[in-house]
>>> print(open('query-v2.cif').read())   # mmCIF, C-alpha atoms
data_protein
loop_
_atom_site.label_atom_id
_atom_site.label_comp_id
_atom_site.auth_asym_id
_atom_site.auth_seq_id
_atom_site.Cartn_x
_atom_site.Cartn_y
_atom_site.Cartn_z
CA MET A 24 211.27 -36.25 20.07
CA GLN A 25 208.63 -33.85 19.03
CA ALA A 26 205.61 -33.61 21.25
CA PRO A 27 202.45 -34.69 19.44
CA VAL A 28 200.14 -31.94 18.28
CA GLU A 29 197.47 -31.48 20.88
CA ASN A 30 194.17 -32.83 19.72
CA TYR A 31 190.72 -32.51 21.17
CA ALA A 32 190.72 -34.29 24.47
CA ASN A 33 186.99 -34.86 24.57
CA PRO A 34 185.77 -35.17 21.00
CA LYS A 35 182.38 -36.57 21.99
CA THR A 36 181.64 -33.76 24.37
CA CYS A 37 182.80 -31.17 21.86
CA LEU A 38 180.50 -32.74 19.33
CA PHE A 39 177.48 -32.52 21.60
CA HIS A 40 178.39 -29.01 22.59
CA VAL A 41 178.19 -27.91 18.99
CA LEU A 42 175.48 -30.32 17.88
CA PHE A 43 172.45 -28.85 19.59
CA LYS A 44 173.46 -25.28 18.92
CA GLY A 45 173.96 -26.00 15.27
CA ALA A 46 170.79 -28.05 15.05
CA ALA A 47 168.69 -25.27 16.55
CA LEU A 48 170.14 -22.66 14.20
CA ALA A 49 169.93 -24.92 11.17
CA PHE A 50 166.41 -25.99 11.90
CA TYR A 51 165.27 -22.44 12.39
CA ILE A 52 166.87 -21.23 9.18
CA LEU A 53 165.92 -24.15 6.98
CA SER A 54 162.50 -24.91 8.37
CA ALA A 55 160.89 -22.05 6.52
CA LEU A 56 161.60 -23.98 3.35
CA PHE A 57 159.96 -27.20 4.48
CA PHE A 58 157.38 -26.56 7.18
CA ASN A 59 154.42 -24.34 6.95
CA SER A 60 153.48 -24.62 10.56
CA PHE A 61 154.91 -22.10 12.98
CA VAL A 62 154.08 -24.33 15.91
CA ILE A 63 156.46 -27.06 14.84
CA ILE A 64 159.23 -24.57 14.13
CA PHE A 65 158.75 -22.94 17.51
CA VAL A 66 158.58 -26.09 19.56
CA VAL A 67 161.47 -27.88 17.90
CA THR A 68 163.77 -24.86 17.86
CA VAL A 69 163.08 -23.91 21.45
CA LEU A 70 163.40 -27.53 22.54
CA LEU A 71 166.78 -27.83 20.82
CA ALA A 72 167.90 -24.54 22.35
CA ALA A 73 166.81 -25.68 25.80
CA LEU A 74 168.64 -28.99 25.38
CA ASP A 75 171.71 -27.10 24.27
CA PHE A 76 171.48 -24.89 27.33
CA TRP A 77 171.33 -27.92 29.58
CA VAL A 78 174.20 -29.68 27.81
CA VAL A 79 176.45 -26.64 27.93
CA LYS A 80 175.68 -25.84 31.53
CA ASN A 81 175.88 -29.34 32.93
CA VAL A 82 178.10 -31.35 30.66
CA SER A 83 180.40 -29.46 28.36
CA GLY A 84 181.07 -26.69 30.85
CA ARG A 85 182.23 -29.26 33.35
CA ILE A 86 184.25 -31.37 31.00
CA LEU A 87 185.71 -28.86 28.56
CA VAL A 88 186.56 -25.99 30.87
CA GLY A 89 186.02 -27.34 34.37
CA LEU A 90 183.51 -24.70 35.39
CA ARG A 91 180.03 -24.87 36.80
CA TRP A 92 177.53 -22.30 37.92
CA TRP A 93 174.13 -22.43 39.48
CA ASN A 94 171.71 -20.52 41.55
CA GLU A 95 170.30 -21.56 44.85
CA ILE A 96 168.20 -20.11 47.59
CA ASN A 97 169.75 -20.06 51.00
CA ASP A 98 167.99 -20.40 54.32
CA LEU A 99 167.26 -16.72 54.51
CA GLY A 100 165.34 -16.92 51.30
CA GLU A 101 167.90 -15.00 49.30
CA SER A 102 169.06 -16.02 45.89
CA VAL A 103 172.74 -16.88 45.77
CA TRP A 104 174.86 -17.57 42.71
CA LYS A 105 177.29 -20.37 43.28
CA PHE A 106 180.36 -21.04 41.19
CA GLU A 107 182.49 -24.08 41.16
CA SER A 108 185.74 -24.72 39.39
CA LEU A 109 188.49 -27.26 39.32
CA ASP A 110 191.70 -26.40 41.11
CA GLN A 111 194.63 -24.74 39.43
CA GLU A 112 196.43 -27.92 38.45
CA SER A 113 193.56 -29.36 36.53
CA LEU A 114 192.58 -26.05 35.04
CA ALA A 115 196.08 -25.65 33.64
CA ARG A 116 195.87 -29.13 32.29
CA MET A 117 192.68 -28.47 30.35
CA ASN A 118 192.97 -29.01 26.67
CA LYS A 119 193.46 -25.66 24.93
CA LYS A 120 191.55 -26.69 21.86
CA ASP A 121 188.60 -27.79 23.94
CA SER A 122 188.26 -24.55 25.78
CA TRP A 123 188.82 -22.50 22.61
CA LEU A 124 185.98 -24.38 20.95
CA PHE A 125 183.78 -23.99 23.99
CA TRP A 126 184.04 -20.24 24.28
CA TRP A 127 184.02 -19.40 20.61
CA THR A 128 180.98 -21.48 19.77
CA LEU A 129 179.13 -19.86 22.64
CA TYR A 130 179.88 -16.40 21.34
CA LEU A 131 179.22 -17.28 17.72
CA ALA A 132 175.86 -18.88 18.48
CA ALA A 133 174.71 -15.85 20.43
CA ALA A 134 175.83 -13.55 17.61
CA ALA A 135 174.01 -15.70 15.06
CA TRP A 136 170.77 -15.57 17.02
CA PHE A 137 171.11 -11.85 17.40
CA ILE A 138 171.48 -11.39 13.64
CA LEU A 139 168.48 -13.65 13.01
CA GLY A 140 166.55 -11.55 15.48
CA VAL A 141 167.41 -8.40 13.60
CA PHE A 142 166.17 -10.02 10.40
CA SER A 143 162.85 -10.99 11.88
CA LEU A 144 162.52 -7.54 13.40
CA ILE A 145 163.05 -5.96 10.00
CA ARG A 146 160.39 -8.22 8.53
CA PHE A 147 157.99 -7.44 11.38
CA GLN A 148 157.52 -11.10 12.24
CA ALA A 149 156.63 -10.95 15.90
CA ASP A 150 156.18 -14.67 16.36
CA TYR A 151 159.58 -15.53 14.91
CA LEU A 152 161.05 -12.79 17.04
CA LEU A 153 159.64 -14.67 20.02
CA VAL A 154 161.52 -17.82 19.03
CA VAL A 155 164.75 -15.91 18.49
CA GLY A 156 164.25 -14.06 21.75
CA VAL A 157 163.95 -17.28 23.74
CA CYS A 158 166.98 -18.88 22.10
CA LEU A 159 169.08 -15.77 22.46
CA SER A 160 168.26 -15.40 26.14
CA LEU A 161 169.21 -19.03 26.79
CA ASN A 162 172.56 -18.52 25.07
CA VAL A 163 173.26 -15.24 26.81
CA ALA A 164 172.42 -16.77 30.18
CA ASN A 165 175.06 -19.42 29.65
CA ILE A 166 177.65 -16.88 28.51
CA ILE A 167 177.07 -14.69 31.54
CA GLY A 168 177.08 -17.63 33.92
CA PHE A 169 180.32 -19.08 32.64
CA THR A 170 182.09 -15.74 32.39
CA LYS A 171 181.22 -14.99 36.00
CA CYS A 172 182.37 -18.45 36.96
CA LYS A 173 185.71 -17.98 35.23
CA LYS A 174 186.26 -14.63 36.95
CA ASP A 175 185.42 -16.22 40.27
CA ALA A 176 187.86 -19.04 39.61
CA LYS A 177 190.62 -16.53 38.79
CA LYS A 178 189.89 -14.60 41.94
CA GLN A 179 190.06 -17.74 44.06
CA LEU A 180 193.31 -18.64 42.35
CA GLN A 181 194.87 -15.30 43.18
CA GLN A 182 193.75 -15.54 46.77
CA PHE A 183 195.14 -19.02 47.00
CA ALA A 184 198.42 -18.02 45.38
CA SER A 185 198.98 -15.10 47.69
CA GLN A 186 198.13 -17.22 50.69
CA THR A 187 200.51 -19.93 49.54
CA ILE A 188 203.34 -17.45 49.14
CA ALA A 189 202.64 -15.98 52.55
CA SER A 190 202.50 -19.33 54.27
CA ARG A 191 205.55 -20.73 52.54
CA PHE A 192 207.49 -17.70 53.62
CA GLN A 193 206.20 -18.07 57.13
CA SER A 194 207.06 -21.74 57.39
CA THR A 195 210.48 -21.25 55.86
CA VAL A 196 211.22 -18.69 58.50
CA GLN A 197 209.79 -21.01 61.15
CA SER A 198 211.82 -24.00 60.08
CA ALA A 199 214.91 -21.87 59.90
CA PHE A 200 214.50 -21.15 63.56
CA THR A 201 213.45 -24.62 64.70
CA LEU A 202 215.87 -26.82 62.83
CA VAL A 203 218.28 -28.37 65.14
CA MET B 19 214.22 -34.35 62.99
CA SER B 20 211.72 -34.45 60.26
CA HIS B 21 208.23 -35.52 60.65
CA ASN B 22 205.95 -36.22 57.86
CA ASP B 23 203.04 -34.23 59.04
CA THR B 24 201.61 -31.84 56.60
CA VAL B 25 200.27 -29.01 58.54
CA PRO B 26 197.99 -26.61 56.82
CA LEU B 27 199.00 -23.30 58.24
CA TYR B 28 196.01 -21.45 56.97
CA GLN B 29 192.50 -21.97 55.89
CA SER B 30 192.87 -23.14 52.38
CA SER B 31 190.66 -21.52 49.85
CA GLN B 32 191.00 -24.47 47.56
CA SER B 33 187.85 -26.05 46.33
CA ASP B 34 186.36 -29.01 48.06
CA ILE B 35 187.22 -31.22 45.12
CA ASP B 36 190.75 -31.37 46.31
CA GLU B 37 189.70 -32.38 49.78
CA ILE B 38 187.71 -35.27 48.50
CA GLU B 39 190.28 -36.20 45.89
CA ASN B 40 192.97 -36.35 48.49
CA MET B 41 190.91 -38.48 50.75
CA MET B 42 190.01 -40.85 48.00
CA ASN B 43 193.30 -40.99 46.20
CA GLY B 44 195.28 -41.55 49.38
CA GLY B 45 198.78 -42.18 48.22
CA PHE B 46 197.75 -43.33 44.78
CA GLN B 47 198.97 -41.83 41.58
CA SER B 48 197.36 -42.87 38.35
CA GLY B 49 199.23 -43.01 35.09
CA PRO B 50 198.99 -40.16 32.65
CA GLY B 51 197.08 -42.14 30.10
CA SER B 52 194.19 -42.92 32.32
CA VAL B 53 193.48 -39.44 33.45
CA LEU B 54 190.50 -37.50 32.19
CA PRO B 55 191.02 -33.79 32.21
CA ALA B 56 188.03 -33.39 34.37
CA ARG B 57 189.31 -35.59 37.10
CA PRO B 58 193.02 -35.14 37.55
CA PRO B 59 194.99 -36.88 40.25
CA SER B 60 196.05 -33.71 41.87
CA PRO B 61 197.33 -34.46 45.27
CA ILE B 62 199.07 -31.23 45.93
CA ARG B 63 197.79 -29.82 49.07
CA PRO B 64 198.83 -26.30 49.88
CA SER B 65 200.13 -27.20 53.28
CA ILE B 66 203.81 -26.99 54.02
CA PRO B 67 205.39 -30.20 55.20
CA VAL B 68 208.36 -29.96 57.43
CA THR B 69 210.24 -32.56 55.40
CA SER B 70 212.38 -31.67 52.48
CA SER B 71 210.01 -33.07 49.91
CA PRO B 72 207.50 -30.41 49.02
CA PHE B 73 204.81 -32.67 47.72
CA VAL B 74 203.34 -35.22 49.97
CA GLN B 75 200.58 -37.32 48.61
CA SER B 76 197.43 -36.86 50.55
CA ASN B 77 198.44 -37.53 54.05
CA LEU B 78 194.89 -36.93 55.02
CA PRO B 79 195.57 -33.41 56.10
CA PRO B 80 193.34 -32.37 58.94
CA LEU B 81 190.75 -30.46 57.04
CA ALA B 82 188.73 -28.06 58.98
CA PRO B 83 185.16 -29.20 58.84
CA ALA B 84 184.07 -25.62 58.62
CA GLN B 85 185.51 -25.57 55.16
CA LYS B 86 183.01 -27.97 53.81
CA VAL B 87 180.09 -26.36 52.18
CA THR B 88 176.88 -27.51 53.73
CA PRO B 89 174.81 -29.68 51.45
CA VAL B 90 172.68 -27.44 49.42
CA PRO B 91 169.74 -28.15 47.25
CA VAL B 92 170.80 -28.61 43.72
CA PRO B 93 170.09 -25.77 41.48
CA PRO B 94 168.48 -25.93 38.19
CA ALA B 95 170.18 -27.00 35.15
CA GLY B 96 170.65 -23.84 34.03
CA SER B 97 168.00 -23.58 33.24
CA GLY B 98 168.84 -26.55 33.25
CA GLY B 99 165.88 -27.93 33.93
CA SER B 100 165.69 -26.07 36.39
CA GLU B 101 165.49 -24.58 35.67
CA GLY B 102 167.43 -26.92 34.44
CA GLY B 103 167.13 -30.00 36.12
CA LYS B 104 166.77 -27.52 38.41
CA ALA B 105 167.88 -28.24 41.67
CA MET B 106 168.46 -31.51 43.22
CA GLY B 107 169.73 -32.16 46.60
CA PHE B 108 173.13 -33.70 46.69
CA GLY B 109 175.79 -34.47 49.21
CA SER B 110 178.83 -32.39 48.49
CA PRO B 111 179.19 -29.80 45.76
CA ALA B 112 182.57 -31.18 44.78
CA ASN B 113 180.98 -34.21 43.22
CA THR B 114 178.99 -32.32 40.67
CA LEU B 115 182.01 -31.34 38.66
CA THR B 116 183.11 -34.88 38.11
CA GLU B 117 179.90 -36.83 38.19
CA PRO B 118 178.81 -38.85 35.20
CA VAL B 119 176.31 -37.26 32.87
CA TRP B 120 173.68 -39.86 33.57
CA GLU B 121 173.59 -38.83 37.19
CA THR B 122 173.01 -35.22 36.28
CA VAL B 123 170.11 -36.23 34.09
CA LYS B 124 168.62 -38.39 36.80
CA ARG B 125 169.04 -35.61 39.31
CA ASP B 126 167.36 -33.06 37.13
CA VAL B 127 164.47 -35.29 36.21
CA GLY B 128 164.00 -36.23 39.83
CA ARG B 129 163.85 -32.58 40.70
CA ILE B 130 161.03 -31.91 38.30
CA GLY B 131 159.05 -34.71 39.90
CA SER B 132 159.69 -33.57 43.44
CA ASN B 133 158.89 -29.95 42.66
CA LEU B 134 155.66 -31.00 41.02
CA LYS B 135 154.62 -33.06 44.01
CA LEU B 136 155.51 -30.23 46.31
CA VAL B 137 153.52 -27.59 44.53
CA VAL B 138 150.49 -29.30 43.19
CA PHE B 139 149.67 -32.09 45.58
CA PRO B 140 148.80 -31.79 49.23
CA ASN B 141 151.76 -32.46 51.42
CA PRO B 142 153.00 -31.28 54.83
CA ASN B 143 155.71 -29.03 53.35
CA ARG B 144 153.14 -26.61 52.10
CA GLU B 145 152.99 -25.09 55.56
CA ASP B 146 156.33 -23.50 54.91
CA PRO B 147 156.08 -22.08 51.43
CA GLY B 148 159.40 -20.32 51.47
CA LYS B 149 161.25 -23.52 52.03
CA ALA B 150 159.15 -25.68 49.80
CA LEU B 151 160.21 -24.51 46.37
CA ARG B 152 163.80 -23.93 47.43
CA ASP B 153 165.24 -25.84 44.52
CA TRP B 154 163.36 -24.20 41.75
CA ASP B 155 163.78 -25.29 38.20
CA LEU B 156 162.37 -24.10 34.92
CA TRP B 157 162.20 -27.33 32.96
CA GLY B 158 158.90 -28.33 34.52
CA PRO B 159 157.22 -25.02 33.73
CA PHE B 160 158.71 -25.10 30.25
CA PHE B 161 157.21 -28.50 29.52
CA PHE B 162 153.85 -27.61 31.01
CA ILE B 163 153.54 -24.36 29.09
CA VAL B 164 154.54 -25.96 25.82
CA PHE B 165 152.22 -28.86 26.47
CA LEU B 166 149.31 -26.56 27.20
CA GLY B 167 150.04 -24.59 24.05
CA LEU B 168 150.21 -27.75 22.00
CA THR B 169 146.98 -29.09 23.46
CA LEU B 170 145.14 -25.87 22.75
CA SER B 171 146.62 -25.72 19.29
CA TRP B 172 145.60 -29.29 18.59
CA SER B 173 142.04 -28.67 19.73
CA ALA B 174 141.72 -25.64 17.53
CA SER B 175 140.34 -26.32 14.11
CA VAL B 176 141.65 -23.15 12.55
CA LYS B 177 144.58 -20.81 13.11
CA LYS B 178 146.56 -23.43 15.00
CA SER B 179 149.82 -21.52 14.88
CA GLU B 180 148.34 -18.36 16.27
CA VAL B 181 146.62 -20.22 19.07
CA PHE B 182 149.91 -21.77 20.10
CA ALA B 183 151.85 -18.54 19.88
CA VAL B 184 149.19 -16.66 21.83
CA ALA B 185 148.97 -19.33 24.50
CA PHE B 186 152.72 -19.50 24.95
CA ALA B 187 153.20 -15.75 25.00
CA LEU B 188 150.26 -15.27 27.36
CA LEU B 189 151.52 -17.83 29.83
CA ALA B 190 155.15 -16.76 29.73
CA ALA B 191 154.49 -13.04 29.84
CA GLY B 192 151.75 -13.59 32.39
CA ALA B 193 154.13 -15.39 34.72
CA VAL B 194 156.70 -12.61 34.40
CA ILE B 195 154.12 -9.88 35.00
CA LEU B 196 152.61 -11.65 37.98
CA THR B 197 156.05 -11.98 39.51
CA LEU B 198 156.76 -8.32 38.93
CA ASN B 199 153.43 -7.54 40.52
CA VAL B 200 154.40 -9.35 43.69
CA LEU B 201 157.79 -7.68 43.75
CA LEU B 202 156.29 -4.24 43.24
CA LEU B 203 153.85 -4.84 46.07
CA GLY B 204 156.86 -5.10 48.29
CA GLY B 205 156.74 -8.86 48.51
CA HIS B 206 159.70 -11.09 49.16
CA ILE B 207 159.99 -13.62 46.45
CA ILE B 208 162.78 -14.65 44.17
CA PHE B 209 162.05 -13.94 40.53
CA PHE B 210 162.85 -17.39 39.18
CA GLN B 211 161.28 -19.13 42.12
CA SER B 212 158.00 -17.43 41.40
CA LEU B 213 158.22 -18.18 37.67
CA SER B 214 158.87 -21.78 38.54
CA LEU B 215 155.91 -21.88 40.91
CA LEU B 216 153.46 -20.34 38.49
CA GLY B 217 154.62 -22.76 35.83
CA TYR B 218 154.14 -25.79 38.01
CA CYS B 219 150.67 -24.62 39.00
CA LEU B 220 149.70 -24.97 35.36
CA PHE B 221 149.78 -28.71 35.70
CA PRO B 222 146.08 -29.05 36.68
CA LEU B 223 145.09 -26.86 33.76
CA ASP B 224 147.15 -29.10 31.51
CA VAL B 225 145.19 -32.09 32.72
CA GLY B 226 141.96 -30.18 32.19
CA ALA B 227 142.97 -29.20 28.68
CA VAL B 228 143.72 -32.79 27.75
CA ILE B 229 140.34 -33.94 29.05
CA CYS B 230 138.58 -31.17 27.18
CA MET B 231 140.43 -32.10 24.05
CA LEU B 232 139.26 -35.68 24.24
CA LYS B 233 135.62 -35.02 25.14
CA ASP B 234 133.77 -32.30 23.35
CA ASN B 235 130.79 -31.82 25.65
CA VAL B 236 130.40 -28.19 26.72
CA ILE B 237 128.96 -28.93 30.15
CA LEU B 238 131.72 -31.39 30.88
CA LYS B 239 134.29 -28.87 29.74
CA MET B 240 132.94 -26.23 32.08
CA ILE B 241 132.95 -28.56 35.04
CA VAL B 242 136.43 -29.83 34.32
CA VAL B 243 137.78 -26.34 33.82
CA CYS B 244 136.20 -25.11 37.06
CA VAL B 245 137.67 -27.99 39.02
CA THR B 246 141.15 -27.64 37.58
CA LEU B 247 141.01 -23.89 37.96
CA ALA B 248 140.22 -24.26 41.64
CA TRP B 249 143.03 -26.78 41.97
CA SER B 250 145.54 -24.45 40.31
CA SER B 251 144.53 -21.54 42.49
CA TRP B 252 144.71 -23.68 45.60
CA ALA B 253 148.22 -24.76 44.57
CA ALA B 254 149.45 -21.23 44.04
CA TYR B 255 147.77 -19.69 47.08
CA PRO B 256 150.16 -20.47 49.96
CA PHE B 257 153.27 -19.42 48.07
CA MET B 258 151.87 -16.19 46.81
CA SER B 259 150.18 -15.16 50.01
CA ALA B 260 153.23 -15.91 52.12
CA ALA B 261 155.32 -13.65 49.96
CA VAL B 262 153.47 -10.41 50.56
CA ASN B 263 152.24 -8.27 53.38
CA PRO B 264 148.94 -9.74 54.73
CA ARG B 265 147.06 -6.59 53.88
CA ARG B 266 148.08 -6.90 50.25
CA LYS B 267 147.35 -10.56 49.86
CA ALA B 268 144.29 -9.97 47.72
CA LEU B 269 146.21 -7.61 45.45
CA ALA B 270 148.78 -10.29 44.82
CA LEU B 271 146.39 -13.21 44.47
CA TYR B 272 143.71 -11.64 42.32
CA PRO B 273 145.84 -11.30 39.15
CA VAL B 274 146.99 -14.91 39.50
CA PHE B 275 143.41 -16.03 39.69
CA LEU B 276 142.56 -13.81 36.75
CA MET B 277 145.24 -15.35 34.60
CA TYR B 278 144.11 -18.87 35.37
CA VAL B 279 140.52 -17.90 34.62
CA SER B 280 141.54 -16.53 31.24
CA VAL B 281 143.43 -19.71 30.46
CA GLY B 282 140.33 -21.63 31.51
CA PHE B 283 138.25 -19.59 29.09
CA LEU B 284 140.73 -20.35 26.34
CA ILE B 285 140.30 -24.04 27.04
CA ILE B 286 136.51 -23.88 27.02
CA ALA B 287 136.25 -21.62 24.02
CA ILE B 288 138.53 -23.63 21.76
CA ASP B 289 136.46 -25.64 19.34
#
>>> encode(input="query-v2.cif", output="structure tokens")
Amino acid sequence: MQAPVENYANPKTCLFHVLFKGAALAFYILSALFFNSFVIIFVVTVLLAALDFWVVKNVSGRILVGLRWWNEINDLGESVWKFESLDQESLARMNKKDSWLFWWTLYLAAAAWFILGVFSLIRFQADYLLVVGVCLSLNVANIIGFTKCKKDAKKQLQQFASQTIASRFQSTVQSAFTLV
Amino acid sequence: MSHNDTVPLYQSSQSDIDEIENMMNGGFQSGPGSVLPARPPSPIRPSIPVTSSPFVQSNLPPLAPAQKVTPVPVPPAGSGGSEGGKAMGFGSPANTLTEPVWETVKRDVGRIGSNLKLVVFPNPNREDPGKALRDWDLWGPFFFIVFLGLTLSWSASVKKSEVFAVAFALLAAGAVILTLNVLLLGGHIIFFQSLSLLGYCLFPLDVGAVICMLKDNVILKMIVVCVTLAWSSWAAYPFMSAAVNPRRKALALYPVFLMYVSVGFLIIAID
């Protein structure tokens, strides 16, 4: 029997992941046609971008790729970046389509904002550049955070794997000597 | 002779999720259909049992308590609120990967409230500034800055867009520059923590701006602005002064005061 084609495992989350990003970009691009007021454009776009940042960091990152990152201040008053990831089993079980969507929409959104920024730079519109700057920095922050988190997860995995091999070997040798 | 003990022969570097999962799933395996990718029934513990079966469902392996990460204040929502829902205290970090979304939202919103109370209102934690704003977040400052910009823009009769853009840029850039000032003076403060603090200290000025927007009397405006200005400076004082060398306190505090005064002037002068 043929295995069913893998579909999105979390369609709702994928939708939200893309929704706010797309809404922010669309609003920014189309608003010039409808609204005269810069204030509305700024506030709505930045609000959508901030919501998108929160959704990606707290919801879709967790559910689509099983990663989470945050920053906290330890007792010594130093800033520490913490990464959290699901264990190997669950990571391997993650839906491929989900994670493909996750990463590619992140990259595409950042690239889109960058291009829009170049446009506003060419037109010498400093205030629109401000909007683009804020949105771009929010997107880039997420990209950096999740990339670091993924690297950290891989590193932990390798450590774990090498430890497992070492301990299995050790216990096999042990049991070989203790079996009656 | 086979005993069913699973003996972890090494400190596992596996995440805490597995610990908790094992404890909770004790001997229970859910069907494939009911499993969410984010919360798999993964019982496989990297310890080597002495029996022939390699996989023993959570036999409550003796987990070293040292492995558990100490409860830490929740960080911002990525900006999340910070900023993101910024930080929120929570029991074990493992839970955050599988918690329902609603809880994350509640956590983040709760953090904004607690940070606000900590910074702006008198409370015993102010004695220890370093510890007070431990779970910084940037959502609160974001809302306050936008709100102040909107209020100023609303009160302005002309050039509303420029007023908003100027207010926002002034407050955001001002916070960044003030933080850099403290860092360059050799102070010990975390960049985002300071941004968060300066943002929260705008709350009194927000209140003042709203009052000035509603009542147009110049004398009243001046009184209100003076009071809220003093309140903002009082709120920011302990954190800023604790961060730098005592001899350089004035150098660190004066620009903060200057920025709040300029915002106060903006509020008064808007007609």
>>> resolve_selection(input="query-v2.cif", expression="the PyMOL selection byres ((chain A) within 6 of (chain B))", output="PyMOL selection string")
chain A and resi 61-62+77+80+85-86+93-96+113+117+183
>>> write_last_selection(input="query-v2.cif", atoms="C-alpha atoms", output="tab-separated table (two decimals), in the coordinates of the input")
chain	number	residue	atom	x	y	z
A	61	PHE	CA	154.91	-22.10	12.98
A	62	VAL	CA	154.08	-24.33	15.91
A	77	TRP	CA	171.33	-27.92	29.58
A	80	LYS	CA	175.68	-25.84	31.53
A	85	ARG	CA	182.23	-29.26	33.35
A	86	ILE	CA	184.25	-31.37	31.00
A	93	TRP	CA	174.13	-22.43	39.48
A	94	ASN	CA	171.71	-20.52	41.55
A	95	GLU	CA	170.30	-21.56	44.85
A	96	ILE	CA	168.20	-20.11	47.59
A	113	SER	CA	193.56	-29.36	36.53
A	117	MET	CA	192.68	-28.47	30.35
A	183	PHE	CA	195.14	-19.02	47.00
>>> closest_residue(input="query-v2.cif", among="A:Leu71, A:Ile52, A:Cys37, A:Ile63", to="Gly140 of chain A", atoms="only C-alpha atoms")
A:Ile52
>>> resolve_selection(input="query-v2.cif", expression="the PyMOL selection byres ((chain B and resi 241-254) around 9)", output="VMD selection string")
chain B and resid 137 to 140 215 to 216 218 to 227 229 to 230 236 to 240 255 to 259 271 274 to 275 278 to 279 281 to 283 285 to 286
>>> write_last_selection(input="query-v2.cif", atoms="C-alpha atoms", output="mmCIF file, keeping the file's coordinate frame")
data_model
loop_
_atom_site.group_PDB
_atom_site.id
_atom_site.type_symbol
_atom_site.label_atom_id
_atom_site.label_comp_id
_atom_site.auth_asym_id
_atom_site.auth_seq_id
_atom_site.Cartn_x
_atom_site.Cartn_y
_atom_site.Cartn_z
ATOM 1 C CA VAL B 137 153.520 -27.590 44.530
ATOM 2 C CA VAL B 138 150.490 -29.300 43.190
ATOM 3 C CA PHE B 139 149.670 -32.090 45.580
ATOM 4 C CA PRO B 140 148.800 -31.790 49.230
ATOM 5 C CA LEU B 215 155.910 -21.880 40.910
ATOM 6 C CA LEU B 216 153.460 -20.340 38.490
ATOM 7 C CA TYR B 218 154.140 -25.790 38.010
ATOM 8 C CA CYS B 219 150.670 -24.620 39.000
ATOM 9 C CA LEU B 220 149.700 -24.970 35.360
ATOM 10 C CA PHE B 221 149.780 -28.710 35.700
ATOM 11 C CA PRO B 222 146.080 -29.050 36.680
ATOM 12 C CA LEU B 223 145.090 -26.860 33.760
ATOM 13 C CA ASP B 224 147.150 -29.100 31.510
ATOM 14 C CA VAL B 225 145.190 -32.090 32.720
ATOM 15 C CA GLY B 226 141.960 -30.180 32.190
ATOM 16 C CA ALA B 227 142.970 -29.200 28.680
ATOM 17 C CA ILE B 229 140.340 -33.940 29.050
ATOM 18 C CA CYS B 230 138.580 -31.170 27.180
ATOM 19 C CA VAL B 236 130.400 -28.190 26.720
ATOM 20 C CA ILE B 237 128.960 -28.930 30.150
ATOM 21 C CA LEU B 238 131.720 -31.390 30.880
ATOM 22 C CA LYS B 239 134.290 -28.870 29.740
ATOM 23 C CA MET B 240 132.940 -26.230 32.080
ATOM 24 C CA TYR B 255 147.770 -19.690 47.080
ATOM 25 C CA PRO B 256 150.160 -20.470 49.960
ATOM 26 C CA PHE B 257 153.270 -19.420 48.070
ATOM 27 C CA MET B 258 151.870 -16.190 46.810
ATOM 28 C CA SER B 259 150.180 -15.160 50.010
ATOM 29 C CA LEU B 271 146.390 -13.210 44.470
ATOM 30 C CA VAL B 274 146.990 -14.910 39.500
ATOM 31 C CA PHE B 275 143.410 -16.030 39.690
ATOM 32 C CA TYR B 278 144.110 -18.870 35.370
ATOM 33 C CA VAL B 279 140.520 -17.900 34.620
ATOM 34 C CA VAL B 281 143.430 -19.710 30.460
ATOM 35 C CA GLY B 282 140.330 -21.630 31.510
ATOM 36 C CA PHE B 283 138.250 -19.590 29.090
ATOM 37 C CA ILE B 285 140.300 -24.040 27.040
ATOM 38 C CA ILE B 286 136.510 -23.880 27.020
#
>>> closest_residue(input="query-v2.cif", among="A:Phe58, A:Trp92, A:Trp136, A:Phe147", to="Leu161 of chain A", atoms="only C-alpha atoms")
A:Trp136
>>> resolve_selection(input="query-v2.cif", expression="the PyMOL selection byres ((chain A and resi 133) around 12)", output="short mmCIF file (atom, residue, chain, number, x, y, z; two decimals) with C-alpha atoms, in the frame of the given file")
data_model
loop_
_atom_site.label_atom_id
_atom_site.label_comp_id
_atom_site.auth_asym_id
_atom_site.auth_seq_id
_atom_site.Cartn_x
_atom_site.Cartn_y
_atom_site.Cartn_z
CA LYS A 44 173.46 -25.28 18.92
CA GLY A 45 173.96 -26.00 15.27
CA ALA A 47 168.69 -25.27 16.55
CA LEU A 48 170.14 -22.66 14.20
CA ALA A 72 167.90 -24.54 22.35
CA PHE A 76 171.48 -24.89 27.33
CA TRP A 126 184.04 -20.24 24.28
CA TRP A 127 184.02 -19.40 20.61
CA THR A 128 180.98 -21.48 19.77
CA LEU A 129 179.13 -19.86 22.64
CA TYR A 130 179.88 -16.40 21.34
CA LEU A 131 179.22 -17.28 17.72
CA ALA A 132 175.86 -18.88 18.48
CA ALA A 134 175.83 -13.55 17.61
CA ALA A 135 174.01 -15.70 15.06
CA TRP A 136 170.77 -15.57 17.02
CA PHE A 137 171.11 -11.85 17.40
CA ILE A 138 171.48 -11.39 13.64
CA LEU A 139 168.48 -13.65 13.01
CA GLY A 140 166.55 -11.55 15.48
CA VAL A 155 164.75 -15.91 18.49
CA GLY A 156 164.25 -14.06 21.75
CA VAL A 157 163.95 -17.28 23.74
CA CYS A 158 166.98 -18.88 22.10
CA LEU A 159 169.08 -15.77 22.46
CA SER A 160 168.26 -15.40 26.14
CA LEU A 161 169.21 -19.03 26.79
CA ASN A 162 172.56 -18.52 25.07
CA VAL A 163 173.26 -15.24 26.81
CA ALA A 164 172.42 -16.77 30.18
CA ASN A 165 175.06 -19.42 29.65
CA ILE A 166 177.65 -16.88 28.51
CA ILE A 167 177.07 -14.69 31.54
#
